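Peer 1: First the structure, then my questions, so here it is.
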Amino acid sequence: MRNRPFVCRANEHPDWFHSRGADRGDRTGIIFIANNLHCEGRTIKLLLLRNATLKLEIRGRIVLIDPFFAPKGSRPSFTGRAPNPLVELPATPAEILDGVELVVVSHLHADHFDPVAQSLVPKYLPLVCQPGDEHKIRSFGFNDVMPLTKVVDWNGIRLQRREGSHGLGPVVRKMGPVMGFSIAAKDEPMVYWTGDTVLYPPVETTIRDTKPEVIIITPAERDGTAI
């Protein structure tokens, strides 16, 4: 299974971003930039790096989501097909961390928060995680860990937990829990980051009830079929 990050604005054709970086046969590792993404006069900035790793600037604050800093091919394959990650980061970890003020870790799978990131992300940065992961993350040396049980308010930005599921049936027990979240601020577009989830009723309900202006998904491909 290969994660193929994609960003889309809800209900609109995604022609507002441009990409840079070499296309290596899949979308992993290409930077998708939505500088000055306008929604009725409001602006946010997105920098999608690799896998689910994303920098988001909202209300003048920079948030780093799911830092995965491992060099290309340095981790074993989950499926036994090829070492991970499949491509190098398009920027150095230091460049990615530049300006970051808040970190969000959706879950503790190594392709979302790997040992390299655990070592390099400054321990003083506030870090939001799903409930149940906070003790492990504190053991890495992080001092300001906030489990996202329902809502976290931080410097005028509100993060709200959203349900997600790695799959349906027995795979859920094997893969463990995961969360998505909405992020909103005054005079900014609402962003829904779905996380590692299949499209199932709680995701559909979140979209229907909250009507996000930006939806960020990390779809995957398995046996040549996008899911």
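Chain labels follow the order of the structure tokens: the first chain is A, the next B, and so on; residue numbering restarts at 1 in every chain, and ligands are counted from 1 in their shown order.
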I'd like the contact shell of stretch 197-205 of chain A - 7 Å cut-off, only C-alpha atoms, skipping same-chain residues fewer than 3 positions apart - returned as an mmCIF file with C-alpha atoms, in the first residue's frame.

Peer 2:
```
data_model
loop_
_atom_site.group_PDB
_atom_site.id
_atom_site.type_symbol
_atom_site.label_atom_id
_atom_site.label_comp_id
_atom_site.auth_asym_id
_atom_site.auth_seq_id
_atom_site.Cartn_x
_atom_site.Cartn_y
_atom_site.Cartn_z
ATOM 1 C CA GLU A 163 -13.485 10.003 14.025
ATOM 2 C CA GLY A 164 -11.497 7.866 11.623
ATOM 3 C CA SER A 165 -10.813 4.195 10.969
ATOM 4 C CA HIS A 166 -7.888 2.517 9.228
ATOM 5 C CA GLY A 167 -10.331 0.086 7.676
ATOM 6 C CA THR A 194 -9.321 13.261 7.534
ATOM 7 C CA ARG A 208 -22.136 16.932 5.817
ATOM 8 C CA ASP A 209 -22.448 18.564 9.237
#
```

Peer 1: In stretch 103-202 of chain A, what's alpha helix (DSSP H) per DSSP? Answer as a PyMOL selection string?

Peer 2: chain A and resi 115-120+134-139+171-175+201-202

Peer 1: Atom CA of A:Thr210 and atom CA of A:Leu102, how far apart in Å?

Peer 2: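 Distance between the two atoms: 23.4 Å.
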
Peer 1: Any idea what the distance is between atom CA of A:Pro71 and atom CA of A:Leu48?

Peer 2: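 Atom-to-atom, atom CA of A:Pro71 to atom CA of A:Leu48, that is 17.0 Å.
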
Peer 1: List the neighbours of A:Gln160 out to 6 Å using only C-alpha atoms; skip same-chain residues closer than 6 positions along the sequence, and give me the result as an MDAnalysis selection string.

Peer 2: chainID A and resid 150:151 181:182

Peer 1: State, in Å with one decimal place, the distance from atom CA of A:Pro189 to atom CA of A:Pro219.

Peer 2: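 Computed distance, atom CA of A:Pro189 to atom CA of A:Pro219, equals 22.1 Å.
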
Peer 1: Using only C-alpha atoms for the distances, tell me which of A:Leu46, A:Leu97, A:Ile137, A:Ala110 is nearest to A:Ala70.

Peer 2: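 Using only C-alpha atoms, the shortest distance to A:Ala70 belongs to A:Ala110.
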
Peer 1: Of the candidates A:Gly80, A:Pro131, A:Pro212, A:Gly176, which one gets nearest to A:Asp196 if we count only C-alpha atoms?

Peer 2: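 Result for the nearest residue to A:Asp196: A:Gly176.
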
Peer 1: Would you kindly return, as a short mmCIF file (atom, residue, chain, number, x, y, z; two decimals) with N, CA and C atoms, in the first residue's frame, each protein, DNA or RNA residue with an atom no farther than 9 Å from any atom of A:Asn143, considering only C-alpha atoms and excluding same-chain residues fewer than 2 positions away?

Peer 2:
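The new file selection.cif reads:
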```cif
data_model
loop_
_atom_site.label_atom_id
_atom_site.label_comp_id
_atom_site.auth_asym_id
_atom_site.auth_seq_id
_atom_site.Cartn_x
_atom_site.Cartn_y
_atom_site.Cartn_z
N LYS A 123 11.63 19.52 21.60
CA LYS A 123 10.81 18.99 22.68
C LYS A 123 9.96 20.05 23.37
N TYR A 124 10.29 21.32 23.16
CA TYR A 124 9.51 22.37 23.80
C TYR A 124 8.25 22.72 23.02
N LEU A 125 8.14 22.26 21.77
CA LEU A 125 6.96 22.60 20.99
C LEU A 125 5.72 21.92 21.56
N PRO A 126 4.60 22.64 21.61
CA PRO A 126 3.35 21.97 22.01
C PRO A 126 2.97 20.93 20.97
N LEU A 127 2.46 19.80 21.43
CA LEU A 127 2.14 18.69 20.53
C LEU A 127 0.76 18.15 20.87
N ARG A 138 5.24 11.57 25.64
CA ARG A 138 6.00 12.20 26.73
C ARG A 138 7.28 11.44 27.01
N GLY A 141 10.36 12.65 25.45
CA GLY A 141 10.94 13.88 25.96
C GLY A 141 10.12 15.13 25.72
N VAL A 145 2.31 18.11 25.91
CA VAL A 145 1.53 17.18 25.09
C VAL A 145 0.05 17.33 25.46
#
```

Peer 1: Counting only C-alpha atoms, which of A:Ser74, A:Asn155, A:Ser106, A:Thr218 gets nearest to A:Val87?

Peer 2: A:Ser74
